[in-house]
Structure formats: C-alpha cells, structure tokens
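**Q** Here you go, my_file-v4.cif (mmCIF, C-alpha atoms):
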```
data_query
#
loop_
_atom_site.label_atom_id
_atom_site.label_comp_id
_atom_site.auth_asym_id
_atom_site.auth_seq_id
_atom_site.Cartn_x
_atom_site.Cartn_y
_atom_site.Cartn_z
CA MET A 1 197.44 -22.15 85.41
CA ILE A 2 194.16 -22.03 83.63
CA PRO A 3 194.24 -21.20 79.92
CA LEU A 4 192.42 -17.96 79.21
CA ARG A 5 190.30 -19.63 76.57
CA VAL A 6 188.97 -22.18 79.06
CA SER A 7 188.01 -19.36 81.39
CA ILE A 8 186.21 -17.48 78.66
CA VAL A 9 184.32 -20.48 77.31
CA ALA A 10 183.28 -21.59 80.82
CA ALA A 11 182.17 -18.10 81.81
CA VAL A 12 180.15 -17.61 78.64
CA SER A 13 178.47 -21.02 79.01
CA ALA A 14 177.61 -20.37 82.66
CA SER A 15 176.17 -16.96 81.79
CA ALA A 16 174.13 -18.51 79.00
CA LEU A 17 172.76 -21.11 81.43
CA LEU A 18 171.80 -18.37 83.89
CA LEU A 19 170.08 -16.32 81.21
CA VAL A 20 168.14 -19.28 79.84
CA VAL A 21 166.97 -20.27 83.33
CA LEU A 22 165.89 -16.71 84.14
CA GLU A 23 163.98 -16.43 80.86
CA LEU A 24 162.27 -19.77 81.52
CA ILE A 25 161.10 -18.47 84.90
CA ARG A 26 160.00 -15.16 83.46
CA SER A 27 157.93 -16.84 80.78
CA ARG A 28 156.41 -19.17 83.42
CA ARG A 29 157.80 -22.37 81.95
CA LEU A 30 159.87 -23.06 85.09
CA GLN A 31 158.90 -22.58 88.72
CA GLU A 32 161.42 -20.86 90.99
CA ARG A 33 161.68 -23.81 93.30
CA TYR A 34 162.98 -25.98 90.47
CA ALA A 35 165.21 -23.23 89.18
CA LEU A 36 167.15 -22.52 92.37
CA LEU A 37 169.62 -25.38 91.89
CA TRP A 38 170.24 -24.43 88.26
CA LEU A 39 170.86 -20.84 89.28
CA LEU A 40 173.28 -22.00 91.96
CA THR A 41 175.07 -24.23 89.43
CA GLY A 42 175.43 -21.36 86.98
CA CYS A 43 176.68 -18.97 89.65
CA VAL A 44 179.30 -21.38 91.05
CA ILE A 45 180.66 -22.28 87.60
CA LEU A 46 180.74 -18.60 86.65
CA VAL A 47 182.63 -17.66 89.82
CA PHE A 48 185.26 -20.39 89.41
CA ALA A 49 185.63 -19.71 85.69
CA LEU A 50 186.52 -16.09 86.37
CA TRP A 51 188.30 -16.44 89.70
CA THR A 52 191.14 -18.64 88.47
CA ASP A 53 193.15 -18.44 91.73
CA ALA A 54 190.34 -20.06 93.64
CA LEU A 55 189.96 -22.77 90.98
CA GLY A 56 193.74 -23.43 91.17
CA LYS A 57 193.53 -23.79 94.96
CA LEU A 58 190.52 -26.10 94.66
CA ALA A 59 192.39 -28.27 92.16
CA ASP A 60 195.45 -28.34 94.44
CA ALA A 61 193.43 -29.27 97.49
CA THR A 62 191.65 -32.12 95.70
CA GLY A 63 194.77 -33.40 93.91
CA ILE A 64 193.57 -32.56 90.41
CA ALA A 65 196.65 -31.91 88.27
CA TYR A 66 194.97 -29.93 85.53
CA PRO A 67 192.83 -27.10 87.03
CA PRO A 68 190.25 -26.89 84.23
CA SER A 69 189.35 -30.49 85.11
CA ALA A 70 188.30 -29.19 88.52
CA LEU A 71 185.76 -27.03 86.74
CA PHE A 72 184.50 -30.12 84.95
CA VAL A 73 184.28 -32.08 88.21
CA LEU A 74 182.42 -29.22 89.86
CA GLY A 75 179.95 -29.09 86.99
CA SER A 76 179.38 -32.85 87.13
CA ALA A 77 178.84 -32.71 90.89
CA PHE A 78 176.15 -30.08 90.47
CA ILE A 79 174.43 -32.05 87.73
CA LEU A 80 174.40 -35.03 90.07
CA VAL A 81 172.78 -32.93 92.79
CA VAL A 82 170.17 -31.60 90.37
CA LEU A 83 169.36 -35.14 89.25
CA LEU A 84 169.05 -36.36 92.81
CA HIS A 85 166.77 -33.43 93.56
CA TYR A 86 164.60 -34.38 90.58
CA SER A 87 164.37 -37.94 91.87
CA THR A 88 162.90 -36.63 95.10
CA VAL A 89 160.55 -34.39 93.13
CA ILE A 90 159.38 -37.32 91.01
CA SER A 91 158.83 -39.42 94.12
CA LYS A 92 156.66 -36.72 95.62
CA LEU A 93 154.74 -36.29 92.38
CA SER A 94 154.01 -40.00 92.09
CA GLU A 95 152.83 -40.08 95.71
CA GLN A 96 150.52 -37.13 95.05
CA ASN A 97 149.31 -38.77 91.87
CA THR A 98 148.32 -41.85 93.84
CA ALA A 99 146.54 -39.75 96.45
CA LEU A 100 144.64 -37.83 93.76
CA THR A 101 143.61 -40.96 91.87
CA GLN A 102 142.33 -42.54 95.06
CA ARG A 103 140.46 -39.41 96.04
CA VAL A 104 138.72 -39.28 92.67
CA ALA A 105 137.67 -42.93 93.09
CA MET A 106 136.25 -42.18 96.55
CA LEU A 107 134.35 -39.18 95.19
CA GLU A 108 132.86 -41.32 92.44
CA LEU A 109 131.80 -43.90 94.99
CA ARG A 110 130.20 -41.23 97.13
CA LEU A 111 128.45 -39.70 94.11
CA GLU A 112 127.05 -43.07 93.10
CA GLN A 113 125.91 -43.67 96.66
CA HIS A 114 124.11 -40.34 96.63
CA ALA A 115 122.44 -41.08 93.32
CA ARG A 116 121.24 -44.43 94.62
CA GLU A 117 119.84 -42.98 97.86
CA ALA A 118 118.08 -40.10 96.14
CA PRO A 119 117.13 -41.10 92.60
CA PRO A 120 116.45 -38.12 90.36
CA ALA A 121 112.74 -37.30 90.13
CA MET B 1 132.37 -3.13 117.54
CA ALA B 2 129.11 -2.84 115.62
CA LEU B 3 129.08 -4.44 112.20
CA ASP B 4 129.38 -2.04 109.29
CA PRO B 5 125.95 -2.08 107.55
CA ARG B 6 127.67 -1.79 104.15
CA LEU B 7 128.89 -5.35 104.65
CA HIS B 8 125.42 -6.68 103.93
CA ALA B 9 125.70 -5.54 100.33
CA HIS B 10 128.47 -8.05 99.85
CA ARG B 11 128.64 -11.79 99.71
CA ARG B 12 131.63 -12.35 101.95
CA ALA B 13 133.85 -15.18 103.04
CA ALA B 14 136.65 -15.91 105.45
CA VAL B 15 139.33 -18.19 104.03
CA VAL B 16 141.05 -20.08 106.84
CA PRO B 17 144.03 -22.21 105.81
CA ALA B 18 144.72 -24.87 108.42
CA TRP B 19 147.33 -27.53 108.86
CA ASN B 20 147.02 -29.56 112.05
CA GLU B 21 145.07 -26.89 113.90
CA ALA B 22 142.55 -29.19 115.61
CA GLU B 23 143.03 -27.40 118.94
CA THR B 24 142.32 -23.90 117.68
CA ILE B 25 140.17 -24.19 114.56
CA ALA B 26 136.78 -24.43 116.29
CA GLY B 27 137.54 -21.34 118.37
CA VAL B 28 138.55 -19.35 115.31
CA ILE B 29 135.37 -20.35 113.47
CA GLU B 30 133.16 -19.42 116.43
CA GLU B 31 134.89 -16.09 116.82
CA ILE B 32 134.48 -15.21 113.15
CA ARG B 33 130.80 -16.13 113.32
CA ALA B 34 130.35 -14.03 116.46
CA VAL B 35 131.75 -10.99 114.66
CA ASP B 36 129.90 -11.49 111.38
CA PRO B 37 127.25 -14.23 111.29
CA GLY B 38 126.69 -13.66 107.57
CA MET B 39 130.18 -14.59 106.57
CA GLU B 40 130.88 -17.86 104.79
CA ILE B 41 133.71 -19.63 106.57
CA ILE B 42 135.89 -21.68 104.23
CA VAL B 43 138.45 -23.84 105.99
CA VAL B 44 141.12 -25.32 103.75
CA ASP B 45 142.61 -28.38 105.39
CA ASP B 46 146.03 -28.82 103.81
CA GLY B 47 146.42 -32.52 104.52
CA SER B 48 146.30 -32.42 108.32
CA TYR B 49 147.14 -35.56 110.31
CA ASP B 50 144.77 -34.57 113.09
CA LYS B 51 141.01 -33.98 113.15
CA THR B 52 141.12 -30.40 111.87
CA ALA B 53 138.70 -31.13 109.00
CA VAL B 54 136.16 -33.00 111.12
CA ILE B 55 136.19 -30.38 113.87
CA ALA B 56 135.89 -27.52 111.39
CA ALA B 57 132.93 -29.19 109.68
CA GLU B 58 131.25 -29.79 113.04
CA ALA B 59 131.77 -26.13 113.90
CA GLY B 60 129.79 -25.30 110.75
CA ALA B 61 132.48 -24.24 108.34
CA ARG B 62 132.65 -25.30 104.72
CA VAL B 63 135.69 -27.54 104.61
CA LEU B 64 137.92 -28.13 101.62
CA ARG B 65 140.08 -31.14 102.26
CA LEU B 66 143.10 -31.13 99.98
CA ALA B 67 144.05 -34.57 98.70
CA CYS B 68 147.74 -33.65 98.82
CA ASN B 69 149.59 -31.20 101.01
CA LEU B 70 150.01 -28.14 98.79
CA GLY B 71 151.73 -25.80 101.21
CA ILE B 72 150.25 -22.56 102.46
CA GLY B 73 150.14 -20.79 99.07
CA GLY B 74 148.23 -23.56 97.33
CA ALA B 75 145.87 -23.91 100.29
CA VAL B 76 145.03 -20.20 100.36
CA GLN B 77 144.51 -20.16 96.60
CA THR B 78 142.08 -23.08 96.87
CA GLY B 79 140.15 -21.05 99.44
CA PHE B 80 140.05 -18.07 97.06
CA GLN B 81 138.78 -20.31 94.27
CA ALA B 82 136.03 -21.66 96.53
CA ALA B 83 135.08 -18.10 97.48
CA ARG B 84 134.72 -17.25 93.80
CA GLU B 85 132.70 -20.40 93.24
CA LEU B 86 130.39 -19.19 96.01
CA GLU B 87 130.25 -15.81 94.24
CA CYS B 88 131.83 -13.90 97.09
CA ASP B 89 133.16 -10.43 96.38
CA LEU B 90 134.81 -9.69 99.71
CA VAL B 91 137.20 -12.22 101.16
CA VAL B 92 139.21 -12.15 104.34
CA GLN B 93 142.18 -14.43 104.82
CA ILE B 94 142.75 -15.37 108.44
CA ASP B 95 145.01 -17.99 110.05
CA GLY B 96 143.58 -21.10 111.68
CA ASP B 97 146.01 -21.03 114.59
CA GLY B 98 144.29 -18.22 116.49
CA GLN B 99 147.05 -15.64 116.05
CA HIS B 100 144.74 -13.28 114.22
CA ASP B 101 141.91 -11.75 116.21
CA PRO B 102 138.58 -11.97 114.34
CA GLN B 103 137.50 -8.90 116.36
CA GLU B 104 139.66 -6.97 113.93
CA LEU B 105 137.76 -8.16 110.85
CA PRO B 106 135.83 -4.86 110.59
CA LEU B 107 139.14 -2.94 110.54
CA ILE B 108 140.56 -5.13 107.81
CA VAL B 109 137.52 -4.87 105.51
CA ALA B 110 136.89 -1.14 106.01
CA PRO B 111 139.22 0.13 103.22
CA VAL B 112 137.63 -2.35 100.78
CA LEU B 113 134.13 -1.21 101.77
CA ASP B 114 135.23 2.39 101.30
CA GLY B 115 136.37 1.48 97.80
CA ARG B 116 139.85 2.75 98.62
CA ALA B 117 141.74 -0.53 98.35
CA ASP B 118 141.69 -3.83 96.47
CA ILE B 119 143.87 -5.50 99.07
CA VAL B 120 144.16 -4.68 102.75
CA ILE B 121 147.08 -6.02 104.75
CA GLY B 122 146.86 -6.27 108.53
CA SER B 123 150.25 -4.95 109.55
CA ARG B 124 151.84 -6.10 112.79
CA PHE B 125 154.38 -3.32 112.63
CA ALA B 126 152.08 -0.36 112.14
CA GLY B 127 151.76 0.50 115.80
CA ALA B 128 148.86 -1.49 117.26
CA GLY B 129 150.09 -3.60 120.14
CA LYS B 130 153.35 -5.40 120.47
CA TYR B 131 154.19 -8.31 118.19
CA ARG B 132 156.07 -10.90 120.20
CA ALA B 133 158.05 -12.98 117.74
CA PRO B 134 161.75 -13.78 118.07
CA PRO B 135 163.78 -10.65 117.21
CA VAL B 136 165.51 -12.34 114.25
CA ARG B 137 162.18 -13.20 112.64
CA ARG B 138 160.81 -9.72 113.23
CA LEU B 139 163.96 -8.28 111.68
CA GLY B 140 163.63 -10.61 108.69
CA MET B 141 160.03 -9.53 108.15
CA ARG B 142 160.98 -5.86 108.39
CA ILE B 143 163.78 -6.38 105.86
CA PHE B 144 161.43 -8.16 103.44
CA ALA B 145 158.94 -5.31 103.78
CA ALA B 146 161.67 -2.71 103.19
CA PHE B 147 162.91 -4.68 100.18
CA VAL B 148 159.44 -4.89 98.65
CA SER B 149 158.80 -1.21 99.40
CA LEU B 150 162.04 -0.32 97.64
CA LEU B 151 161.24 -2.42 94.58
CA THR B 152 157.63 -1.37 94.22
CA GLY B 153 157.97 2.22 95.38
CA LYS B 154 155.09 1.63 97.80
CA SER B 155 155.66 2.16 101.50
CA LEU B 156 154.69 -1.06 103.28
CA SER B 157 155.60 -2.05 106.83
CA ASP B 158 154.54 -5.71 106.77
CA THR B 159 154.46 -7.87 103.66
CA SER B 160 154.47 -11.25 105.41
CA SER B 161 151.23 -10.79 107.31
CA SER B 162 148.61 -13.32 106.27
CA PHE B 163 145.73 -11.38 107.82
CA ARG B 164 144.29 -9.77 104.70
CA ALA B 165 141.16 -8.72 102.91
CA VAL B 166 140.64 -8.69 99.15
CA ASN B 167 137.85 -7.47 96.88
CA ARG B 168 136.54 -9.09 93.71
CA ARG B 169 139.23 -7.57 91.57
CA ALA B 170 142.09 -8.93 93.66
CA LEU B 171 140.26 -12.23 94.04
CA SER B 172 140.09 -12.62 90.27
CA LEU B 173 143.89 -12.43 90.21
CA PHE B 174 144.70 -14.63 93.18
CA ALA B 175 142.20 -17.37 92.36
CA VAL B 176 144.04 -17.88 89.08
CA ASP B 177 147.62 -16.93 89.93
CA TYR B 178 148.95 -17.14 93.46
CA PRO B 179 152.47 -17.93 94.63
CA HIS B 180 153.05 -21.40 95.99
CA GLY B 181 154.93 -22.45 99.07
CA TYR B 182 155.78 -20.59 102.20
CA LEU B 183 156.07 -16.78 102.66
CA GLU B 184 153.78 -16.51 99.66
CA THR B 185 152.27 -13.27 100.91
CA ILE B 186 155.44 -11.33 100.06
CA GLU B 187 155.36 -12.38 96.44
CA ALA B 188 151.59 -11.92 96.33
CA THR B 189 152.08 -8.32 97.45
CA VAL B 190 154.55 -7.66 94.65
CA MET B 191 152.18 -9.29 92.14
CA ALA B 192 149.38 -7.06 93.38
CA VAL B 193 151.47 -3.95 92.80
CA ARG B 194 152.42 -5.17 89.35
CA TYR B 195 148.81 -5.70 88.38
CA GLY B 196 148.00 -2.21 89.57
CA LEU B 197 145.90 -3.29 92.55
CA ARG B 198 145.53 -0.73 95.31
CA ILE B 199 147.08 -1.86 98.58
CA GLU B 200 146.41 -0.45 101.98
CA GLU B 201 147.75 -1.42 105.40
CA VAL B 202 145.86 -1.28 108.65
CA PRO B 203 147.48 -1.84 112.04
CA VAL B 204 146.53 -5.10 113.77
CA ARG B 205 147.69 -6.72 116.97
CA MET B 206 148.76 -10.33 117.10
CA ARG B 207 147.70 -12.73 119.81
CA GLU B 208 149.99 -15.28 121.38
CA ARG B 209 149.83 -18.66 119.75
CA THR B 210 147.52 -20.78 121.81
CA SER B 211 149.16 -23.95 120.55
CA GLY B 212 151.83 -25.11 118.15
CA ARG B 213 155.06 -23.38 117.28
CA SER B 214 156.52 -21.67 114.28
CA SER B 215 157.65 -24.24 111.75
CA LEU B 216 160.85 -22.35 110.95
CA THR B 217 164.40 -23.45 111.64
CA THR B 218 167.55 -21.52 110.73
CA PRO B 219 168.78 -23.39 107.62
CA ILE B 220 165.26 -23.56 106.26
CA SER B 221 164.70 -19.86 106.80
CA LEU B 222 167.94 -19.16 104.92
CA TYR B 223 166.64 -21.21 101.99
CA TYR B 224 163.35 -19.32 102.06
CA THR B 225 165.14 -16.00 102.21
CA VAL B 226 167.02 -16.78 99.02
CA LYS B 227 163.89 -18.18 97.38
CA VAL B 228 161.77 -15.18 98.28
CA VAL B 229 164.36 -12.66 97.12
CA ILE B 230 164.60 -14.38 93.73
CA ALA B 231 160.84 -14.84 93.52
CA VAL B 232 160.23 -11.19 94.29
CA PHE B 233 162.73 -10.00 91.71
CA ILE B 234 161.25 -12.29 89.10
CA SER B 235 157.65 -11.43 89.80
CA MET B 236 158.58 -7.82 89.04
CA PHE B 237 159.08 -8.68 85.39
CA ARG B 238 157.31 -11.98 84.84
CA ARG B 239 154.76 -12.25 82.08
CA LYS B 240 151.26 -11.36 83.23
CA ALA B 241 148.87 -14.28 82.98
CA VAL B 242 145.55 -12.98 84.23
CA GLN B 243 142.89 -10.57 83.01
CA LEU B 244 141.46 -8.86 86.08
CA GLU B 245 137.74 -8.62 86.66
CA GLU B 246 136.32 -5.25 87.57
CA ASP B 247 135.10 -4.74 91.08
CA SER B 248 131.35 -4.81 91.43
#
```
Written as structure tokens, how would this file's structure read?
**A**
Amino acid sequence: MIPLRVSIVAAVSASALLLVVLELIRSRRLQERYALLWLLTGCVILVFALWTDALGKLADATGIAYPPSALFVLGSAFILVVLLHYSTVISKLSEQNTALTQRVAMLELRLEQHAREAPPA
Amino acid sequence: MALDPRLHAHRRAAVVPAWNEAETIAGVIEEIRAVDPGMEIIVVDDGSYDKTAVIAAEAGARVLRLACNLGIGGAVQTGFQAARELECDLVVQIDGDGQHDPQELPLIVAPVLDGRADIVIGSRFAGAGKYRAPPVRRLGMRIFAAFVSLLTGKSLSDTSSSFRAVNRRALSLFAVDYPHGYLETIEATVMAVRYGLRIEEVPVRMRERTSGRSSLTTPISLYYTVKVVIAVFISMFRRKAVQLEEDS
C-alpha cells in the first residue's frame, strides 16, 4: 500500500510543476514545444500519485517492493527523457549556430566584394 | 477576372513559403504575376535541398534564403517581415506547391480592400469545389476549426488553410509575433481573435498537388494534435507582446 502522505506530497508537487510550467508558457519564458515533455511528466506523476491501485500494479509488475519507489523511478525516467530531449535540442542549436555564423561570413565577403567593384563616389 | 482598381492604392506582396518546391515554384510565381503584375513576390526558401531558390530568383521573385530550416511558421513570418520592410500594406500568403490557385487572389483580398477584415482566410470547407484530402485529415481540420470556433466564439470553417490575406494591422502583429512550427495557422487565427483583428472567410477551391506529398504520418500528426490543442489554449490567455499599428 501507498502511505497517504506520500500520495499527497507527490500530487501537490506534480500540480506545482504543472502550474509553474503553464505560467512560464503564459508569460512567454518557455515555448510550448519545450514544455510538452514537462507537462507530460507532471500529468503522469499526478495520475500515479492519486491512482494508487495503478501504482501498486506497476510496482508489482516491475518487481519494486515498495510502491512509492515506483513513483520515484517513474519520475527519474521522465527526467532522463527530458535531458535526452535537451541534448537533441542543443545539437540542433549548435548546428544552426554554425550555419548562421558561416552565412554572416559569406555576406561580409559579398559585401566587401561589392564595395570593391563599385567604390562609393 | 479583372483586377480590382482599388488594389493600385496599395503596395502589395505575395509571401510564398517554399521547401523543396523546385518543380512548382516557377509556375506559382508566373501565375501570381499573370493575375497581378504589380504584386511583389517574396519567396521564402526554408532551407531547401533542391534548386527552389535559384529557380524562384530566375522567375523574378525576391528570394529570402533562410540559413537554417525554421519550419513553416518561421518561414512565413520572415516573409511578413520582408513585406513590412518593403512597406507593403496588403499581403497574401500562398503556398509554393501549387495547391492554391492564384486566380483566386482577387477573392481573397476583396474583404481587406472593402475594409471589412484584417485577415481573410481562404476556406476549403465553405462550399467552393471539393477538397480532396484523405478523410482523416479533413476530419482533423474540421475538428480544429470547430474547436477554435468554440473557444473564440467566432464561426470559422477552416483554420488550417494557409491561403490568406492580411492588411497592415494584422501584418504588424504577425511580423513580430507568429507561431512557430507546423499547423501554425490555427494558433495564428486564435491570436488574431485575441488581438481583436477582424477575420473573414472566403470559399476557395484547392487544386491537386502537382508534385510532392503531404509530410504527415500518423504518430507525428498525433503529436501535432496535442501540441496545437495546448498551444491554442495557451494563446487564449498568453501575455500580449505587440502593439498593433493602425491600418492605413
């Protein structure tokens, strides 16, 4: 069985996470596409915190003796997924950064070329 | 159709987002020019692998070549920014794949010319012609439209159409704040309502794709559905970031 206090603390924390994420989106400090995984994390933790039967079954199925640990494992798994997602985001950003830097260099070259071909009167 | 003489009072542009549309882009540009020779044609090449940019430039369009692939929302917004840079006050958004018929440009701009609307959406579900997309996609689009109508209290039949016209007022919003990613038009519609822009729909007919296919697959469309629903909800109460310009 899951102690009532664990349920309450987990549910309150998950709700707080959801609220903070939603407020960050509303105030434009977080884009939706980077918020989706956090929202999913919050929702899943919230559901399992309240629906203790399902958490018990999950713990049984995975051989976790103490059901609240299953909640912990679930939370860690989601954090891992979020981190992995951020790694892909950073990779894309660094690729775009390279492309932008190179494009600026090419534009400068072209500008210089122009200036040389048509010197200002 | 004869060109509306009121058009000449406006500096006008067609924004054509294109991603690997080398086969169709020249045709689209020629067709737009045939309908309205005075229209600036701004092609935004969103990092194509093919010769879209070269062909568009040869066809006489102004080409913006994005250094990184931004996705459709970012590409369209770049086009809007360029239109503002060129001091345009009437902008039509039209796809580079040939699905939208430039012959219908006069229909799309009419409500803006009349001063009745800030944004005109070419609706594929408003009765003109048959729109041949897979039934599931059509259903999805209808559901999005119903959802947006419900939230905004405005009756709209097609919120995912990217055949649109905007005036200076709407342009001053979208050039600064425009949703990114795919299916951006739905969120843009909600934003428009929130900023008090007047929206009108006109019926348009879609042409068959002359090349290419829809880029959607089932798991991806599920992801987008969730994303759009959240985005739409949030844009209903997100902080406003833009001061609108008045229409000239």
**Q** Which neighbours of range 3-19 of chain A fall inside 8 Å, counting all atoms listed in the file, when residues of the same chain fewer than 6 positions from it are skipped, and could you give them as a PyMOL selection string?
**A** chain A and resi 38-39+42-43+45-46+49-50+52+68
**Q** So which residues touch range 97-106 of chain B within 7 Å, counting only C-alpha atoms, skipping near sequence neighbours fewer than 2 positions away, as a ChimeraX atom specification?
**A** /B:3,21,24-25,28,31-32,35,94-95,108-110,163,206-210
**Q** Step by step, work through what the PyMOL selection byres ((chain B) within 7 of (chain A)) selects in the shown file, and finish by giving those residues as a list in words.
**A** Ala67, Cys68, Ala231, Ile234, Phe237, Arg238 and Arg239 of chain B
**Q** Could you list, as a PyMOL selection string, every residue within 9 Å of Ala170 in chain B, counting only C-alpha atoms and ignoring same-chain residues fewer than 3 positions away?
**A** chain B and resi 118-119+166-167+173-175+192+197+244-245+247
**Q** Restricting the calculation to only C-alpha atoms, which member of B:Pro179, B:Gly96, B:Pro37, B:Gly47 is positioned closest to Gly60 in chain B?
**A**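 Of the candidates, the smallest distance to Gly60 in chain B is held by B:Pro37.
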**Q** Applying the PyMOL selection byres ((chain B and resi 87) around 10) to the file I just gave you, which residues come out? Please list them as a list in words.
**A**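 With the PyMOL selection byres ((chain B and resi 87) around 10) on this model, the match is His10, Arg11, Arg12, Ala13, Gln81, Ala82, Ala83, Arg84, Glu85, Leu86, Cys88, Asp89, Leu90 and Arg168 of chain B.
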**Q** Using only C-alpha atoms, find the one residue out of B:Val136, B:Ile186, B:Val91, B:Leu171 that sits nearest to Ser157 in chain B.
**A**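 Smallest separation from Ser157 in chain B among the options: B:Ile186.
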**Q** Run the PyMOL selection byres ((chain B and resi 142) around 9) mentally over the shown coordinates, then write out the matched residues as a PyMOL selection string, using the chain letters and numbers from the document.
**A** chain B and resi 125+137-141+143-147+157-160
**Q** Quote the spacing between CA of Lys240 in chain B and CA of Leu151 in chain B in Å to one decimal place.
**A**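 Separation between CA of Lys240 in chain B and CA of Leu151 in chain B: 17.6 Å.
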**Q** Which distance in Å separates CA of Val81 in chain A and CA of Ile230 in chain B, to one decimal?
**A**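 Those two atoms sit 20.3 Å apart.
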**Q** Report, in Å to a single decimal, how far apart CA of Gly129 in chain B and CA of Arg205 in chain B are.
**A**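 Result for CA of Arg205 in chain B versus CA of Gly129 in chain B: 5.1 Å, one decimal.
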**Q** Env of Ala59 in chain B: 12 Å cut, atoms = all atoms listed in the file, seq-sep filter 2 positions within chain, self excluded. Answer as a ChimeraX atom specification.
**A** /B:22,24-33,41-43,52-57,61-63
**Q** Looking at only C-alpha atoms, which of A:Leu107, A:Val82, A:Val21, A:Ile90 is the one that sits closest to Leu37 in chain A?
**A** A:Val82
**Q** Restricting the calculation to all atoms listed in the file: of B:Lys51, B:Arg194, B:Arg169, B:His180, which residue gets closest to Gly115 in chain B?
**A**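 Nearest candidate to Gly115 in chain B out of B:Lys51, B:Arg194, B:Arg169, B:His180: B:Arg169.
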